[in-house]
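Asks: work_34.tsv is reproduced below (TSV, C-alpha atoms).
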```tsv
chain	number	residue	atom	x	y	z
A	1	MET	CA	-33.81	13.30	-274.13
A	2	SER	CA	-32.13	10.70	-276.32
A	3	GLU	CA	-30.85	7.46	-274.89
A	4	PRO	CA	-27.12	6.74	-274.89
A	5	ARG	CA	-26.02	4.90	-277.99
A	6	ASP	CA	-22.65	3.56	-276.92
A	7	PHE	CA	-22.21	0.98	-274.20
A	8	VAL	CA	-19.02	-0.43	-272.77
A	9	THR	CA	-18.83	-4.20	-272.80
A	10	LEU	CA	-16.51	-5.57	-270.16
A	11	THR	CA	-14.58	-8.77	-270.68
A	12	PRO	CA	-15.23	-11.59	-268.17
A	13	GLU	CA	-11.85	-10.84	-266.57
A	14	GLN	CA	-12.76	-7.17	-266.14
A	15	VAL	CA	-16.09	-8.11	-264.59
A	16	ARG	CA	-14.36	-10.44	-262.13
A	17	ALA	CA	-11.82	-7.74	-261.24
A	18	ARG	CA	-14.58	-5.17	-260.72
A	19	ASN	CA	-16.60	-7.53	-258.52
A	20	LYS	CA	-13.53	-8.26	-256.41
A	21	ARG	CA	-12.74	-4.55	-256.06
A	22	SER	CA	-16.33	-3.87	-255.02
A	23	LEU	CA	-16.19	-6.65	-252.44
A	24	VAL	CA	-12.94	-5.33	-250.95
A	25	ILE	CA	-14.34	-1.78	-250.80
A	26	ALA	CA	-17.51	-3.05	-249.07
A	27	LEU	CA	-15.57	-5.08	-246.52
A	28	SER	CA	-13.16	-2.19	-245.88
A	29	LEU	CA	-16.01	0.25	-245.28
A	30	ALA	CA	-17.78	-2.20	-242.98
A	31	GLY	CA	-14.54	-2.73	-241.05
A	32	PHE	CA	-13.98	1.01	-240.81
A	33	MET	CA	-17.50	1.58	-239.48
A	34	ALA	CA	-17.01	-1.15	-236.87
A	35	LEU	CA	-13.66	0.37	-235.85
A	36	VAL	CA	-15.09	3.89	-235.49
A	37	PHE	CA	-17.90	2.45	-233.37
A	38	ALA	CA	-15.42	0.53	-231.18
A	39	VAL	CA	-13.15	3.58	-230.80
A	40	THR	CA	-16.12	5.76	-229.86
A	41	LEU	CA	-17.16	3.29	-227.17
A	42	ALA	CA	-13.57	3.05	-225.91
A	43	GLN	CA	-13.24	6.84	-225.75
A	44	MET	CA	-16.54	7.33	-223.94
A	45	GLY	CA	-16.00	4.43	-221.53
A	46	ALA	CA	-18.67	4.24	-218.85
A	47	ASN	CA	-20.08	7.58	-220.02
A	48	VAL	CA	-21.72	5.75	-222.90
A	49	LEU	CA	-24.56	4.91	-220.50
A	50	GLU	CA	-25.00	8.56	-219.44
A	51	ARG	CA	-27.98	9.57	-221.56
A	52	PRO	CA	-31.51	10.83	-221.00
A	53	LEU	CA	-34.04	8.04	-220.95
B	1	MET	CA	-26.48	1.14	-280.40
B	2	ALA	CA	-22.81	0.16	-280.28
B	3	HIS	CA	-20.91	-1.93	-277.80
B	4	ILE	CA	-17.34	-0.86	-277.17
B	5	SER	CA	-14.84	-3.31	-275.76
B	6	ILE	CA	-12.21	-1.81	-273.46
B	7	ASP	CA	-9.91	-4.80	-273.34
B	8	ALA	CA	-7.10	-2.76	-274.84
B	9	ALA	CA	-5.89	-1.95	-271.31
B	10	PRO	CA	-2.91	-4.06	-270.10
B	11	ARG	CA	-5.00	-5.83	-267.47
B	12	ALA	CA	-8.02	-5.02	-265.38
B	13	ALA	CA	-6.95	-3.39	-262.12
B	14	THR	CA	-7.44	-5.74	-259.20
B	15	ALA	CA	-7.74	-4.95	-255.52
B	16	GLY	CA	-4.13	-6.11	-255.30
B	17	ASP	CA	-3.04	-3.32	-257.65
B	18	TYR	CA	-4.59	-0.73	-255.36
B	19	PHE	CA	-2.93	-2.39	-252.40
B	20	ALA	CA	0.39	-2.14	-254.24
B	21	LEU	CA	-0.17	1.64	-254.49
B	22	LEU	CA	0.18	1.73	-250.71
B	23	LYS	CA	3.81	0.53	-250.88
B	24	PRO	CA	3.19	-2.33	-248.42
B	25	ARG	CA	6.88	-3.01	-247.74
B	26	VAL	CA	7.51	0.60	-246.71
B	27	MET	CA	4.26	0.51	-244.77
B	28	SER	CA	5.37	-2.56	-242.81
B	29	LEU	CA	8.48	-0.76	-241.50
B	30	VAL	CA	6.37	2.30	-240.65
B	31	VAL	CA	3.89	0.14	-238.75
B	32	PHE	CA	6.67	-1.61	-236.85
B	33	THR	CA	8.43	1.58	-235.74
B	34	ALA	CA	5.08	3.20	-234.90
B	35	LEU	CA	4.04	0.17	-232.87
B	36	VAL	CA	7.22	0.40	-230.83
B	37	GLY	CA	6.72	4.16	-230.39
B	38	TYR	CA	3.21	3.52	-229.09
B	39	LEU	CA	4.15	0.70	-226.73
B	40	VAL	CA	7.12	2.46	-225.10
B	41	ALA	CA	5.07	5.61	-224.47
B	42	PRO	CA	3.43	6.17	-221.07
B	43	SER	CA	-0.23	5.47	-221.78
B	44	ASP	CA	-3.33	3.81	-220.40
B	45	LYS	CA	-5.51	4.15	-223.48
B	46	GLY	CA	-6.02	0.46	-224.10
B	47	ALA	CA	-5.83	-1.94	-227.02
B	48	VAL	CA	-8.71	-0.59	-229.14
B	49	ILE	CA	-7.34	2.96	-229.22
B	50	GLY	CA	-3.83	1.62	-229.82
B	51	PHE	CA	-4.96	-0.57	-232.71
B	52	ALA	CA	-6.92	2.28	-234.31
B	53	SER	CA	-3.99	4.69	-233.93
B	54	ILE	CA	-1.48	2.31	-235.51
B	55	LEU	CA	-3.99	1.54	-238.28
B	56	ALA	CA	-4.40	5.27	-238.92
B	57	ILE	CA	-0.63	5.62	-239.28
B	58	ALA	CA	-0.55	2.60	-241.62
B	59	ILE	CA	-3.34	4.04	-243.79
B	60	GLY	CA	-1.64	7.44	-243.77
B	61	ALA	CA	1.66	5.88	-244.86
B	62	GLY	CA	-0.16	4.01	-247.62
B	63	ALA	CA	-1.92	7.19	-248.71
B	64	ALA	CA	1.42	8.99	-248.94
B	65	GLY	CA	2.73	6.08	-251.02
B	66	ALA	CA	-0.22	6.32	-253.43
B	67	LEU	CA	0.28	10.09	-253.78
B	68	ASN	CA	3.98	9.45	-254.43
B	69	MET	CA	3.08	7.03	-257.21
B	70	TRP	CA	0.86	9.68	-258.77
B	71	VAL	CA	3.66	12.26	-258.63
B	72	ASP	CA	6.38	9.87	-259.79
B	73	ALA	CA	4.46	8.09	-262.58
B	74	ASP	CA	6.72	9.59	-265.25
B	75	ILE	CA	10.06	8.74	-263.65
B	76	ASP	CA	8.84	5.36	-262.37
B	77	ALA	CA	8.24	4.36	-266.00
B	78	LEU	CA	11.90	5.10	-266.81
B	79	MET	CA	13.46	3.06	-263.99
B	80	LYS	CA	13.86	-0.71	-264.08
B	81	ARG	CA	13.17	-1.02	-260.35
B	82	THR	CA	9.80	0.79	-260.54
B	83	ARG	CA	8.42	0.32	-264.04
B	84	GLY	CA	6.26	-2.62	-262.92
B	85	ARG	CA	4.30	-0.44	-260.46
B	86	PRO	CA	0.52	-0.15	-261.07
B	87	VAL	CA	0.55	3.35	-262.61
B	88	PRO	CA	3.53	3.14	-265.05
B	89	SER	CA	2.42	-0.34	-266.11
B	90	GLY	CA	-1.00	1.10	-267.02
B	91	ARG	CA	-3.09	-1.05	-264.65
B	92	VAL	CA	-4.18	1.99	-262.61
B	93	ARG	CA	-4.56	5.49	-264.02
B	94	ALA	CA	-2.54	8.26	-262.37
B	95	GLU	CA	-5.71	10.21	-261.50
B	96	GLU	CA	-7.08	7.14	-259.73
B	97	ALA	CA	-3.91	6.91	-257.65
B	98	LEU	CA	-4.35	10.60	-256.78
B	99	GLY	CA	-7.99	10.14	-255.76
B	100	PHE	CA	-7.15	6.99	-253.80
B	101	GLY	CA	-4.30	8.77	-251.99
B	102	VAL	CA	-6.33	11.87	-251.13
B	103	ALA	CA	-9.30	9.81	-249.88
B	104	LEU	CA	-7.10	7.62	-247.69
B	105	SER	CA	-5.19	10.66	-246.38
B	106	ILE	CA	-8.42	12.27	-245.17
B	107	LEU	CA	-9.66	8.98	-243.75
B	108	SER	CA	-6.42	8.31	-241.85
B	109	VAL	CA	-6.22	11.78	-240.31
B	110	LEU	CA	-9.87	11.66	-239.23
B	111	LEU	CA	-9.37	8.21	-237.70
B	112	MET	CA	-6.29	9.44	-235.88
B	113	ALA	CA	-8.14	12.51	-234.59
B	114	LEU	CA	-10.83	10.22	-233.21
B	115	SER	CA	-8.49	7.67	-231.66
B	116	GLY	CA	-5.17	9.37	-230.92
B	117	GLY	CA	-6.25	13.00	-230.57
B	118	VAL	CA	-5.65	16.26	-232.38
B	119	LEU	CA	-1.86	16.42	-231.80
B	120	ALA	CA	-1.25	12.99	-233.36
B	121	ALA	CA	-3.67	13.76	-236.20
B	122	ALA	CA	-1.85	17.03	-236.95
B	123	LEU	CA	1.52	15.23	-236.96
B	124	LEU	CA	0.14	12.55	-239.28
B	125	ALA	CA	-1.28	15.17	-241.66
B	126	PHE	CA	2.08	16.98	-241.66
B	127	THR	CA	3.93	13.73	-242.39
B	128	ILE	CA	1.70	12.87	-245.36
B	129	PHE	CA	2.06	16.43	-246.68
B	130	PHE	CA	5.83	16.36	-246.19
B	131	TYR	CA	6.25	13.07	-248.07
B	132	ALA	CA	3.81	13.76	-250.91
B	133	VAL	CA	4.51	17.45	-251.50
B	134	ILE	CA	7.84	18.48	-249.97
B	135	TYR	CA	9.71	15.27	-250.85
B	136	SER	CA	7.94	13.77	-253.89
B	137	LEU	CA	6.89	16.92	-255.72
B	138	TRP	CA	9.86	19.10	-254.85
B	139	LEU	CA	13.00	17.72	-253.21
B	140	LYS	CA	13.27	14.44	-255.10
B	141	ARG	CA	13.75	16.17	-258.44
B	142	ALA	CA	15.53	19.25	-257.14
B	143	THR	CA	18.48	18.35	-254.93
B	144	PRO	CA	20.89	15.50	-254.12
B	145	HIS	CA	19.92	16.10	-250.48
B	146	ASN	CA	16.43	14.80	-251.36
B	147	ILE	CA	16.55	11.72	-249.18
B	148	VAL	CA	18.35	13.49	-246.34
B	149	ILE	CA	15.55	16.01	-245.81
B	150	GLY	CA	12.80	13.77	-247.15
B	151	GLY	CA	13.84	11.07	-244.71
B	152	LEU	CA	12.03	13.03	-242.01
B	153	ALA	CA	8.71	11.69	-243.31
B	154	GLY	CA	9.83	8.12	-242.80
B	155	ALA	CA	11.28	8.95	-239.40
B	156	LEU	CA	8.19	10.54	-237.83
B	157	PRO	CA	5.89	7.51	-237.25
B	158	PRO	CA	7.27	6.69	-233.74
B	159	LEU	CA	6.65	10.30	-232.71
B	160	ILE	CA	3.10	10.25	-234.12
B	161	ALA	CA	2.42	6.99	-232.27
B	162	TRP	CA	3.89	8.37	-229.03
B	163	ALA	CA	1.71	11.48	-229.36
B	164	ALA	CA	-1.33	9.26	-229.93
B	165	ALA	CA	-0.53	7.24	-226.81
B	166	ALA	CA	0.53	10.02	-224.45
B	167	ASP	CA	-1.12	13.14	-225.93
B	168	ALA	CA	2.28	14.83	-225.71
B	169	ILE	CA	5.74	14.99	-227.24
B	170	ALA	CA	8.84	14.03	-225.27
B	171	LEU	CA	12.59	13.61	-225.71
B	172	GLU	CA	12.37	9.82	-226.15
B	173	PRO	CA	10.30	9.76	-229.37
B	174	ILE	CA	12.33	12.67	-230.77
B	175	LEU	CA	15.42	10.52	-230.26
B	176	LEU	CA	13.73	7.65	-232.13
B	177	VAL	CA	12.95	10.07	-234.97
B	178	ALA	CA	16.58	11.23	-235.01
B	179	ILE	CA	17.81	7.64	-235.20
B	180	ILE	CA	15.70	6.82	-238.29
B	181	PHE	CA	16.50	10.24	-239.79
B	182	MET	CA	20.26	9.67	-239.56
B	183	TRP	CA	19.91	6.04	-240.65
B	184	THR	CA	18.15	6.96	-243.90
B	185	PRO	CA	21.00	8.60	-245.90
B	186	PRO	CA	23.60	5.80	-245.56
B	187	HIS	CA	20.86	3.23	-246.18
B	188	PHE	CA	19.56	4.82	-249.39
B	189	TRP	CA	22.92	5.96	-250.71
B	190	ALA	CA	24.22	2.39	-250.45
B	191	LEU	CA	21.26	1.37	-252.61
B	192	ALA	CA	21.69	4.34	-254.94
B	193	LEU	CA	25.26	3.31	-255.73
B	194	TYR	CA	23.69	0.38	-257.60
B	195	GLN	CA	20.77	2.24	-259.13
B	196	ARG	CA	22.94	5.07	-260.40
B	197	GLY	CA	22.24	4.36	-264.07
B	198	ASP	CA	18.53	4.02	-263.36
B	199	TYR	CA	18.35	7.35	-261.51
B	200	ALA	CA	20.47	9.11	-264.15
B	201	ALA	CA	18.17	7.87	-266.94
B	202	ALA	CA	15.15	9.20	-265.05
B	203	GLY	CA	16.83	12.53	-264.27
B	204	VAL	CA	16.62	12.07	-260.51
B	205	PRO	CA	19.51	13.97	-258.87
B	206	MET	CA	20.60	11.27	-256.44
B	207	LEU	CA	24.00	11.88	-254.86
B	208	PRO	CA	25.87	9.22	-256.92
B	209	VAL	CA	24.45	10.82	-260.11
B	210	THR	CA	25.33	14.42	-259.25
B	211	HIS	CA	28.55	14.00	-257.26
B	212	GLY	CA	29.79	10.54	-258.21
B	213	ALA	CA	30.39	7.30	-256.33
B	214	LYS	CA	33.43	8.51	-254.37
B	215	ALA	CA	31.66	11.51	-252.83
B	216	THR	CA	28.70	9.25	-252.01
B	217	ARG	CA	30.94	6.77	-250.20
B	218	GLN	CA	32.44	9.62	-248.16
B	219	GLN	CA	29.00	10.95	-247.25
B	220	ILE	CA	27.91	7.45	-246.21
B	221	LEU	CA	30.89	7.32	-243.83
B	222	ILE	CA	30.14	10.76	-242.34
B	223	TYR	CA	26.48	9.93	-241.70
B	224	ALA	CA	27.39	6.50	-240.32
B	225	VAL	CA	29.82	8.05	-237.83
B	226	LEU	CA	27.10	10.47	-236.69
B	227	PHE	CA	24.47	7.73	-236.64
B	228	ALA	CA	26.35	5.17	-234.53
B	229	PRO	CA	26.40	7.10	-231.20
B	230	LEU	CA	22.84	8.29	-231.80
B	231	ALA	CA	21.69	4.68	-232.15
B	232	VAL	CA	23.21	3.81	-228.76
B	233	SER	CA	21.94	6.91	-226.93
B	234	PRO	CA	18.49	5.54	-225.87
B	235	ALA	CA	20.39	3.27	-223.48
B	236	PHE	CA	21.68	6.39	-221.67
B	237	ILE	CA	18.37	8.22	-221.22
B	238	GLY	CA	16.40	5.32	-219.81
B	239	LEU	CA	14.50	4.48	-222.99
B	240	GLY	CA	16.47	1.30	-223.67
B	241	GLY	CA	17.68	-1.29	-221.19
B	242	PRO	CA	20.59	-3.76	-221.10
B	243	LEU	CA	19.34	-5.73	-224.12
B	244	TYR	CA	19.09	-2.54	-226.14
B	245	ALA	CA	22.51	-1.40	-224.98
B	246	VAL	CA	24.17	-4.63	-226.13
B	247	ILE	CA	22.36	-4.83	-229.48
B	248	SER	CA	22.81	-1.17	-230.32
B	249	GLY	CA	26.46	-1.15	-229.23
B	250	VAL	CA	27.50	-4.23	-231.18
B	251	GLY	CA	25.41	-3.15	-234.17
B	252	ALA	CA	26.86	0.38	-234.15
B	253	ALA	CA	30.39	-1.04	-234.24
B	254	ILE	CA	29.51	-3.29	-237.20
B	255	PHE	CA	27.69	-0.43	-238.95
B	256	ALA	CA	30.68	1.88	-238.55
B	257	ALA	CA	33.08	-0.84	-239.72
B	258	LEU	CA	30.98	-1.49	-242.83
B	259	ALA	CA	30.88	2.25	-243.53
B	260	VAL	CA	34.68	2.46	-243.28
B	261	ARG	CA	34.93	-0.53	-245.60
B	262	ILE	CA	32.63	1.11	-248.15
B	263	ALA	CA	34.62	4.36	-247.97
B	264	LEU	CA	37.81	2.45	-248.77
B	265	SER	CA	36.17	0.45	-251.58
B	266	ARG	CA	35.30	1.31	-255.16
B	267	ALA	CA	31.61	0.51	-254.68
B	268	GLY	CA	29.42	2.18	-257.27
B	269	GLU	CA	32.12	2.56	-259.86
B	270	ALA	CA	30.98	-0.50	-261.81
B	271	ALA	CA	27.43	0.82	-262.03
B	272	ALA	CA	28.54	4.09	-263.54
B	273	SER	CA	28.36	2.86	-267.09
B	274	GLY	CA	24.90	1.36	-266.91
B	275	GLN	CA	22.16	-0.25	-264.87
B	276	ALA	CA	23.02	-2.81	-262.29
B	277	ASP	CA	20.84	-4.88	-260.03
B	278	LEU	CA	21.30	-4.60	-256.30
B	279	TYR	CA	22.27	-8.20	-255.84
B	280	ASP	CA	24.39	-8.49	-258.95
B	281	ALA	CA	27.87	-9.62	-257.99
B	282	LYS	CA	29.51	-6.55	-259.52
B	283	LYS	CA	33.15	-5.81	-258.98
B	284	ASP	CA	33.71	-3.99	-255.68
B	285	ALA	CA	29.99	-4.07	-255.00
B	286	HIS	CA	30.01	-6.16	-251.86
B	287	ALA	CA	30.89	-3.36	-249.46
B	288	ALA	CA	27.83	-1.26	-250.35
B	289	ARG	CA	25.60	-4.30	-250.66
B	290	ASP	CA	26.57	-5.48	-247.18
B	291	LEU	CA	25.97	-2.06	-245.62
B	292	PHE	CA	22.55	-1.79	-247.28
B	293	ALA	CA	21.49	-5.24	-246.04
B	294	PHE	CA	22.91	-4.70	-242.54
B	295	SER	CA	21.26	-1.27	-242.21
B	296	ILE	CA	17.81	-2.86	-242.57
B	297	LEU	CA	18.64	-5.59	-240.06
B	298	TYR	CA	20.14	-3.09	-237.60
B	299	LEU	CA	17.17	-0.69	-237.59
B	300	PHE	CA	14.81	-3.62	-237.14
B	301	ALA	CA	16.96	-4.99	-234.29
B	302	LEU	CA	17.04	-1.62	-232.49
B	303	PHE	CA	13.28	-1.27	-232.43
B	304	ALA	CA	12.77	-4.98	-231.76
B	305	ALA	CA	15.01	-4.67	-228.69
B	306	LEU	CA	12.87	-1.82	-227.34
B	307	LEU	CA	9.74	-3.83	-228.07
B	308	ILE	CA	11.03	-7.00	-226.38
B	309	GLU	CA	12.16	-5.09	-223.30
B	310	ARG	CA	8.79	-3.39	-222.96
B	311	VAL	CA	6.59	-6.40	-223.74
B	312	MET	CA	8.61	-8.86	-221.66
B	313	GLY	CA	9.00	-6.36	-218.86
B	314	LEU	CA	12.78	-6.71	-218.98
B	315	PHE	CA	13.26	-3.01	-218.52
B	316	ALA	CA	10.66	-0.58	-217.27
```
Take the structure I supplied and represent it as structure tokens, if you would.
Replies:
Amino acid sequence: MSEPRDFVTLTPEQVRARNKRSLVIALSLAGFMALVFAVTLAQMGANVLERPL
Amino acid sequence: MAHISIDAAPRAATAGDYFALLKPRVMSLVVFTALVGYLVAPSDKGAVIGFASILAIAIGAGAAGALNMWVDADIDALMKRTRGRPVPSGRVRAEEALGFGVALSILSVLLMALSGGVLAAALLAFTIFFYAVIYSLWLKRATPHNIVIGGLAGALPPLIAWAAAADAIALEPILLVAIIFMWTPPHFWALALYQRGDYAAAGVPMLPVTHGAKATRQQILIYAVLFAPLAVSPAFIGLGGPLYAVISGVGAAIFAALAVRIALSRAGEAAASGQADLYDAKKDAHAARDLFAFSILYLFALFAALLIERVMGLFA
């Protein structure tokens, strides 16, 4: 299999924009995970402790 | 090996461009009306569930906005008011707006199902579908009644929020939906009187384009007369208290007076020959401009009154 011959070179501005987009996506996903966890706990209430040990 | 520079694009898309796809100003009104719908509903679900439900509605509204920008990319590029949006300006590709909108739609409905329940999630999914498909893809380009029917999508958030809070539908949130639904036509037609040239250039069959300024002014008056008593009605079914009764009553009188004034004016005639900015001091433009501005203030005041009464415990 031959290696790719063309590569895209991003400008410094494009790299900065991509890094910022990646950071926002990461923070959003982390926030969403935390929210789903919190909602799950809120929905289950005291039942969250009801589990086989 | 070759290195290809892709700096031919207008500007690298930032996170802010993707946020702009969500139509944050529209989203803020949706969040406000939904918040009021949630807080006035009988519920003991708590702050975490409430926050997640309102966030789901906000994300769903943003998703619908992104899908709308994908659908409307061609006509947005032709209108002065919208040509700076991320897709027509080339900062975000239309397919990216589509993918972004679909992903957020799924995310918002799932979050709502988890927090607010199946009924609220189904209503949210219907609202996104109605705005993106029924309004954006079909009605907007097909009929001058586009914003009359399409206004339902913008009116539903209080009902979705109520369903998330109470796991049921009742008369009160339906009344809130009806208020926003009847508010939408006079609000947007007042704006459209100024954007007539813009809409005509883009081929969007807004009422001033298809039937002229005079017919639009008459329709504004008809809808305003129907809207005014509807806006006051929550005070008579126990949803609104004395504060709401005063604000809605005084506001309805002003709204009706402004609608009469616009019907007697020549608003929209000056814009017939070309594009005009909303706040341009065009001849005979003040009547429509005043109604447009007051309509925003009035809707905000109505829901703010309900919110204040509920939060302050002024009326239970």
Asks: Quick one: residues within 10 Å of A:Ile25, all atoms listed in the file counted, chain neighbours fewer than 6 positions away excluded, as a short mmCIF file (atom, residue, chain, number, x, y, z; two decimals) with C-alpha atoms, keeping the file's coordinate frame?
Replies:
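out.cif, written as the output of this step:
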```cif
data_model
loop_
_atom_site.label_atom_id
_atom_site.label_comp_id
_atom_site.auth_asym_id
_atom_site.auth_seq_id
_atom_site.Cartn_x
_atom_site.Cartn_y
_atom_site.Cartn_z
CA ASN A 19 -16.60 -7.53 -258.52
CA GLY A 31 -14.54 -2.73 -241.05
CA ALA B 15 -7.74 -4.95 -255.52
#
```
Asks: For atom CA of B:Ile174 and atom CA of B:Leu258, determine how far apart the two atoms are, in Å to one decimal place.
Replies: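 For atom CA of B:Ile174 relative to atom CA of B:Leu258, the distance reads 26.3 Å.
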Asks: Excluding same-chain residues fewer than 3 positions from B:Phe181, what lies within 7 Å of it counting only C-alpha atoms, as a count of residues only?
Replies: 6
Asks: Which of these residues is nearest to B:Asp17, using all atoms listed in the file: B:Glu96, B:Asp290, B:Glu269, B:Glu172?
Replies: B:Glu96
Asks: Expressed in Å to a single decimal, how great is the separation between atom CA of B:Arg196 and atom CA of B:Arg85?
Replies: 19.4 Å
Asks: Of the residues A:Leu27, A:Met33, A:Ala42, A:Leu49, which is the one nearest to chain B, using all atoms listed in the file?
Replies: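 The answer is A:Ala42, which sits nearest to chain B.
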Asks: Figure out the distance between atom CA of B:Tyr223 and atom CA of B:Met182, please, to one decimal in Å.
Replies: 6.6 Å
Asks: Provide as a PyMOL selection string the residues of chain A at most 7 Å from chain B, counting all atoms listed in the file.
Replies: chain A and resi 5-11+14+17+20-21+24+39+42
Asks: Find the spatial neighbours of B:Val118, counting only C-alpha atoms, within a cut-off of 9 Å - ignore same-chain residues fewer than 5 positions away - and output them as number ranges by chain.
Replies: B: 112-113, 123, 164, 167
Asks: What residues have an atom no more than 9 Å from (5.7, 15.1, -241.2) in the file's own frame, counting all atoms listed in the file, and can you write them as a list in words?
Replies: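 Here is the list of nearby residues: Ala122, Leu123, Leu124, Ala125, Phe126, Thr127, Ile128, Phe129, Phe130, Tyr131, Leu152, Ala153, Gly154, Ala155, Leu156, Pro157 and Ile160 of chain B.
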Asks: Do you know which residues are at most 7 Å from B:Ala305 counting only C-alpha atoms, after dropping those on the same chain fewer than 4 positions away, and could you put them as a PyMOL selection string?
Replies: chain B and resi 243-244+301+309
Asks: Quick one: residues within 8 Å of B:Val87, all atoms listed in the file counted, chain neighbours fewer than 4 positions away excluded, as a list of chain:residue names?
Replies: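 Skipping anything fewer than 4 positions along the chain leaves B:Met69, B:Trp70, B:Ala73, B:Arg91, B:Val92, B:Arg93, B:Ala94, B:Ala97.
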Asks: Determine, counting only C-alpha atoms, every residue of protein, DNA or RNA that lies within 10 Å of (-3.1, 9.0, -243.6) in the file coordinates, then give the result as an MDAnalysis selection string.
Replies: chainID B and resid 55:65 101:112 121 124:129
Asks: Include C-alpha atoms and write out the residues we just selected as a PDB file, in the coordinates of the input.
Replies:
```
ATOM      1  CA  LEU B  55      -3.990   1.540-238.280  1.00  0.00           C
ATOM      2  CA  ALA B  56      -4.400   5.270-238.920  1.00  0.00           C
ATOM      3  CA  ILE B  57      -0.630   5.620-239.280  1.00  0.00           C
ATOM      4  CA  ALA B  58      -0.550   2.600-241.620  1.00  0.00           C
ATOM      5  CA  ILE B  59      -3.340   4.040-243.790  1.00  0.00           C
ATOM      6  CA  GLY B  60      -1.640   7.440-243.770  1.00  0.00           C
ATOM      7  CA  ALA B  61       1.660   5.880-244.860  1.00  0.00           C
ATOM      8  CA  GLY B  62      -0.160   4.010-247.620  1.00  0.00           C
ATOM      9  CA  ALA B  63      -1.920   7.190-248.710  1.00  0.00           C
ATOM     10  CA  ALA B  64       1.420   8.990-248.940  1.00  0.00           C
ATOM     11  CA  GLY B  65       2.730   6.080-251.020  1.00  0.00           C
ATOM     12  CA  GLY B 101      -4.300   8.770-251.990  1.00  0.00           C
ATOM     13  CA  VAL B 102      -6.330  11.870-251.130  1.00  0.00           C
ATOM     14  CA  ALA B 103      -9.300   9.810-249.880  1.00  0.00           C
ATOM     15  CA  LEU B 104      -7.100   7.620-247.690  1.00  0.00           C
ATOM     16  CA  SER B 105      -5.190  10.660-246.380  1.00  0.00           C
ATOM     17  CA  ILE B 106      -8.420  12.270-245.170  1.00  0.00           C
ATOM     18  CA  LEU B 107      -9.660   8.980-243.750  1.00  0.00           C
ATOM     19  CA  SER B 108      -6.420   8.310-241.850  1.00  0.00           C
ATOM     20  CA  VAL B 109      -6.220  11.780-240.310  1.00  0.00           C
ATOM     21  CA  LEU B 110      -9.870  11.660-239.230  1.00  0.00           C
ATOM     22  CA  LEU B 111      -9.370   8.210-237.700  1.00  0.00           C
ATOM     23  CA  MET B 112      -6.290   9.440-235.880  1.00  0.00           C
ATOM     24  CA  ALA B 121      -3.670  13.760-236.200  1.00  0.00           C
ATOM     25  CA  LEU B 124       0.140  12.550-239.280  1.00  0.00           C
ATOM     26  CA  ALA B 125      -1.280  15.170-241.660  1.00  0.00           C
ATOM     27  CA  PHE B 126       2.080  16.980-241.660  1.00  0.00           C
ATOM     28  CA  THR B 127       3.930  13.730-242.390  1.00  0.00           C
ATOM     29  CA  ILE B 128       1.700  12.870-245.360  1.00  0.00           C
ATOM     30  CA  PHE B 129       2.060  16.430-246.680  1.00  0.00           C
TER      31      PHE B 129
END
```
